[in-house]
Amino acid sequence: MIRRPPRSTLSSSSAASDVYKRQALVVQGVLGLQLCLSHYDRPFVKFDDCRKMSWLAKQALQDKDVVTPDWMDWFHGGLNIHLVHHLFPRLPRCRFREGDRLVQALCKEHGIATQREGFIAASWNVLCHMQKASKYMSWKDLLTNGSLPPAEVEH
């Protein structure tokens, strides 16, 4: 006789199941929002250009930090300081602010530009970027060109 694995203790219609699903949606929504704000409107780097850049320069070009007060780090899970997250993935979140000061000083010393925007400005820029990207015929065009056309939409 073939035995089936045990079913979940939460029935699909139970109140506990509903709470779990809602919590999962909230957490996933915040994570998805943060990833969009930190990466979506950043330029693509072509393979040949990528090979000529340092690791720090590549990460600084492809990441954007969202400037928030210290007390809001819990909302973003520390991912608002995204450059530090990419450079030091095992660094505890409670040390991101300290790491950010050191990374910003290093970037300034080597002339590497970093992108930092407030939450509202970052959200607006991602929406504008999505509007520009929607004007392409296909993703193949976007990937072939490596960047978006000149801005046709005023911010």
# chains A, B, ... in the order shown; residues from 1 in each chain; ligands from 1

$ select_by_dssp --residues "segment 6-148 of chain A" --states "helix (DSSP H, G or I)" --output "PDB file with C-alpha atoms, in the first residue's frame"
ATOM      1  CA  ALA A  15      -8.726  31.475  10.040  1.00  0.00           C
ATOM      2  CA  ALA A  16      -5.080  30.594  10.782  1.00  0.00           C
ATOM      3  CA  SER A  17      -4.538  29.876   7.087  1.00  0.00           C
ATOM      4  CA  ASP A  18      -5.989  33.272   6.162  1.00  0.00           C
ATOM      5  CA  VAL A  19      -3.711  35.049   8.651  1.00  0.00           C
ATOM      6  CA  TYR A  20      -0.678  33.170   7.315  1.00  0.00           C
ATOM      7  CA  LYS A  21      -1.521  34.041   3.692  1.00  0.00           C
ATOM      8  CA  ARG A  22      -2.015  37.718   4.510  1.00  0.00           C
ATOM      9  CA  GLN A  23       1.251  37.921   6.430  1.00  0.00           C
ATOM     10  CA  ALA A  24       3.087  36.236   3.549  1.00  0.00           C
ATOM     11  CA  LEU A  25       1.624  38.725   1.061  1.00  0.00           C
ATOM     12  CA  VAL A  26       2.666  41.703   3.197  1.00  0.00           C
ATOM     13  CA  VAL A  27       6.222  40.445   3.695  1.00  0.00           C
ATOM     14  CA  GLN A  28       6.639  39.496   0.035  1.00  0.00           C
ATOM     15  CA  GLY A  29       5.176  42.820  -1.054  1.00  0.00           C
ATOM     16  CA  VAL A  30       7.671  44.823   1.022  1.00  0.00           C
ATOM     17  CA  LEU A  31      10.568  42.712  -0.260  1.00  0.00           C
ATOM     18  CA  GLY A  32       9.413  43.072  -3.874  1.00  0.00           C
ATOM     19  CA  LEU A  33       9.018  46.823  -3.485  1.00  0.00           C
ATOM     20  CA  GLN A  34      12.495  47.166  -2.003  1.00  0.00           C
ATOM     21  CA  LEU A  35      14.072  45.123  -4.802  1.00  0.00           C
ATOM     22  CA  CYS A  36      12.322  47.243  -7.435  1.00  0.00           C
ATOM     23  CA  LEU A  37      13.447  50.487  -5.790  1.00  0.00           C
ATOM     24  CA  SER A  38      17.045  49.308  -5.476  1.00  0.00           C
ATOM     25  CA  HIS A  39      17.556  47.744  -8.903  1.00  0.00           C
ATOM     26  CA  TYR A  40      14.839  48.281 -11.471  1.00  0.00           C
ATOM     27  CA  PHE A  47      29.523  42.175 -20.622  1.00  0.00           C
ATOM     28  CA  ASP A  48      32.592  43.864 -22.165  1.00  0.00           C
ATOM     29  CA  ASP A  49      32.147  46.959 -19.994  1.00  0.00           C
ATOM     30  CA  CYS A  50      31.578  44.795 -16.945  1.00  0.00           C
ATOM     31  CA  ARG A  51      34.946  43.095 -17.343  1.00  0.00           C
ATOM     32  CA  LYS A  52      36.722  46.474 -17.223  1.00  0.00           C
ATOM     33  CA  TRP A  55      33.630  44.916  -8.204  1.00  0.00           C
ATOM     34  CA  LEU A  56      32.872  48.032  -6.178  1.00  0.00           C
ATOM     35  CA  ALA A  57      32.188  50.128  -9.294  1.00  0.00           C
ATOM     36  CA  LYS A  58      29.834  47.474 -10.719  1.00  0.00           C
ATOM     37  CA  GLN A  59      27.881  47.227  -7.501  1.00  0.00           C
ATOM     38  CA  ALA A  60      27.695  51.008  -7.089  1.00  0.00           C
ATOM     39  CA  LEU A  61      26.391  51.342 -10.655  1.00  0.00           C
ATOM     40  CA  GLN A  62      23.732  48.649 -10.292  1.00  0.00           C
ATOM     41  CA  ASP A  70      17.350  54.966  11.172  1.00  0.00           C
ATOM     42  CA  TRP A  71      14.117  53.890  12.836  1.00  0.00           C
ATOM     43  CA  MET A  72      12.665  52.804   9.452  1.00  0.00           C
ATOM     44  CA  ASP A  73      15.359  50.183   8.770  1.00  0.00           C
ATOM     45  CA  TRP A  74      13.061  47.533  10.265  1.00  0.00           C
ATOM     46  CA  PHE A  75      10.466  48.169   7.524  1.00  0.00           C
ATOM     47  CA  HIS A  76      12.956  47.530   4.721  1.00  0.00           C
ATOM     48  CA  HIS A  82      21.449  48.025  -0.655  1.00  0.00           C
ATOM     49  CA  LEU A  83      25.032  48.671  -1.730  1.00  0.00           C
ATOM     50  CA  VAL A  84      26.328  47.430   1.619  1.00  0.00           C
ATOM     51  CA  HIS A  85      23.991  44.426   1.340  1.00  0.00           C
ATOM     52  CA  HIS A  86      25.612  43.459  -1.983  1.00  0.00           C
ATOM     53  CA  LEU A  87      29.173  44.119  -0.923  1.00  0.00           C
ATOM     54  CA  ARG A  93      21.664  44.203   9.385  1.00  0.00           C
ATOM     55  CA  CYS A  94      22.323  46.113  12.593  1.00  0.00           C
ATOM     56  CA  ARG A  95      25.789  47.036  11.209  1.00  0.00           C
ATOM     57  CA  PHE A  96      24.602  48.302   7.795  1.00  0.00           C
ATOM     58  CA  ARG A  97      24.644  51.987   8.787  1.00  0.00           C
ATOM     59  CA  GLU A  98      28.231  51.700   9.995  1.00  0.00           C
ATOM     60  CA  GLY A  99      29.199  49.802   6.846  1.00  0.00           C
ATOM     61  CA  ASP A 100      27.444  52.409   4.724  1.00  0.00           C
ATOM     62  CA  ARG A 101      29.569  55.235   6.163  1.00  0.00           C
ATOM     63  CA  LEU A 102      32.745  53.277   5.368  1.00  0.00           C
ATOM     64  CA  VAL A 103      31.616  52.333   1.843  1.00  0.00           C
ATOM     65  CA  GLN A 104      30.558  55.919   1.031  1.00  0.00           C
ATOM     66  CA  ALA A 105      33.969  57.199   2.178  1.00  0.00           C
ATOM     67  CA  LEU A 106      35.720  54.562   0.045  1.00  0.00           C
ATOM     68  CA  CYS A 107      33.613  55.404  -3.017  1.00  0.00           C
ATOM     69  CA  LYS A 108      34.297  59.119  -2.551  1.00  0.00           C
ATOM     70  CA  GLU A 109      38.037  58.434  -2.224  1.00  0.00           C
ATOM     71  CA  PHE A 119      11.564  56.661  -0.762  1.00  0.00           C
ATOM     72  CA  ILE A 120       9.131  58.873  -2.707  1.00  0.00           C
ATOM     73  CA  ALA A 121      11.731  59.973  -5.300  1.00  0.00           C
ATOM     74  CA  ALA A 122      12.912  56.376  -5.789  1.00  0.00           C
ATOM     75  CA  SER A 123       9.330  55.180  -6.251  1.00  0.00           C
ATOM     76  CA  TRP A 124       8.602  57.938  -8.759  1.00  0.00           C
ATOM     77  CA  ASN A 125      11.773  57.206 -10.747  1.00  0.00           C
ATOM     78  CA  VAL A 126      10.926  53.494 -10.937  1.00  0.00           C
ATOM     79  CA  LEU A 127       7.434  54.329 -12.234  1.00  0.00           C
ATOM     80  CA  CYS A 128       8.880  56.684 -14.854  1.00  0.00           C
ATOM     81  CA  HIS A 129      11.410  54.033 -15.837  1.00  0.00           C
ATOM     82  CA  MET A 130       8.620  51.474 -16.224  1.00  0.00           C
ATOM     83  CA  GLN A 131       6.737  53.865 -18.486  1.00  0.00           C
ATOM     84  CA  LYS A 132       9.822  54.372 -20.679  1.00  0.00           C
ATOM     85  CA  ALA A 133      10.532  50.629 -20.772  1.00  0.00           C
ATOM     86  CA  TRP A 139      12.560  42.821 -24.003  1.00  0.00           C
ATOM     87  CA  LYS A 140      14.952  41.731 -26.736  1.00  0.00           C
ATOM     88  CA  ASP A 141      15.163  45.368 -27.886  1.00  0.00           C
ATOM     89  CA  LEU A 142      15.895  46.504 -24.345  1.00  0.00           C
ATOM     90  CA  LEU A 143      18.605  43.904 -23.819  1.00  0.00           C
ATOM     91  CA  THR A 144      20.136  44.544 -27.266  1.00  0.00           C
ATOM     92  CA  ASN A 145      20.372  48.303 -26.742  1.00  0.00           C
TER      93      ASN A 145
END

$ select_by_dssp --residues "segment 10-147 of chain A" --states "strand (DSSP E or B)" --output "number ranges by chain"
A: 64-67, 115-118

$ write_last_selection --atoms "C-alpha atoms" --output "PDB file, in the first residue's frame"
ATOM      1  CA  LYS A  64      20.507  52.295  -5.338  1.00  0.00           C
ATOM      2  CA  ASP A  65      20.193  53.069  -1.638  1.00  0.00           C
ATOM      3  CA  VAL A  66      16.873  54.347  -0.335  1.00  0.00           C
ATOM      4  CA  VAL A  67      17.473  57.076   2.234  1.00  0.00           C
ATOM      5  CA  GLN A 115      22.919  56.575  -6.117  1.00  0.00           C
ATOM      6  CA  ARG A 116      20.898  57.547  -3.047  1.00  0.00           C
ATOM      7  CA  GLU A 117      17.296  58.722  -3.126  1.00  0.00           C
ATOM      8  CA  GLY A 118      14.432  59.151  -0.738  1.00  0.00           C
TER       9      GLY A 118
END
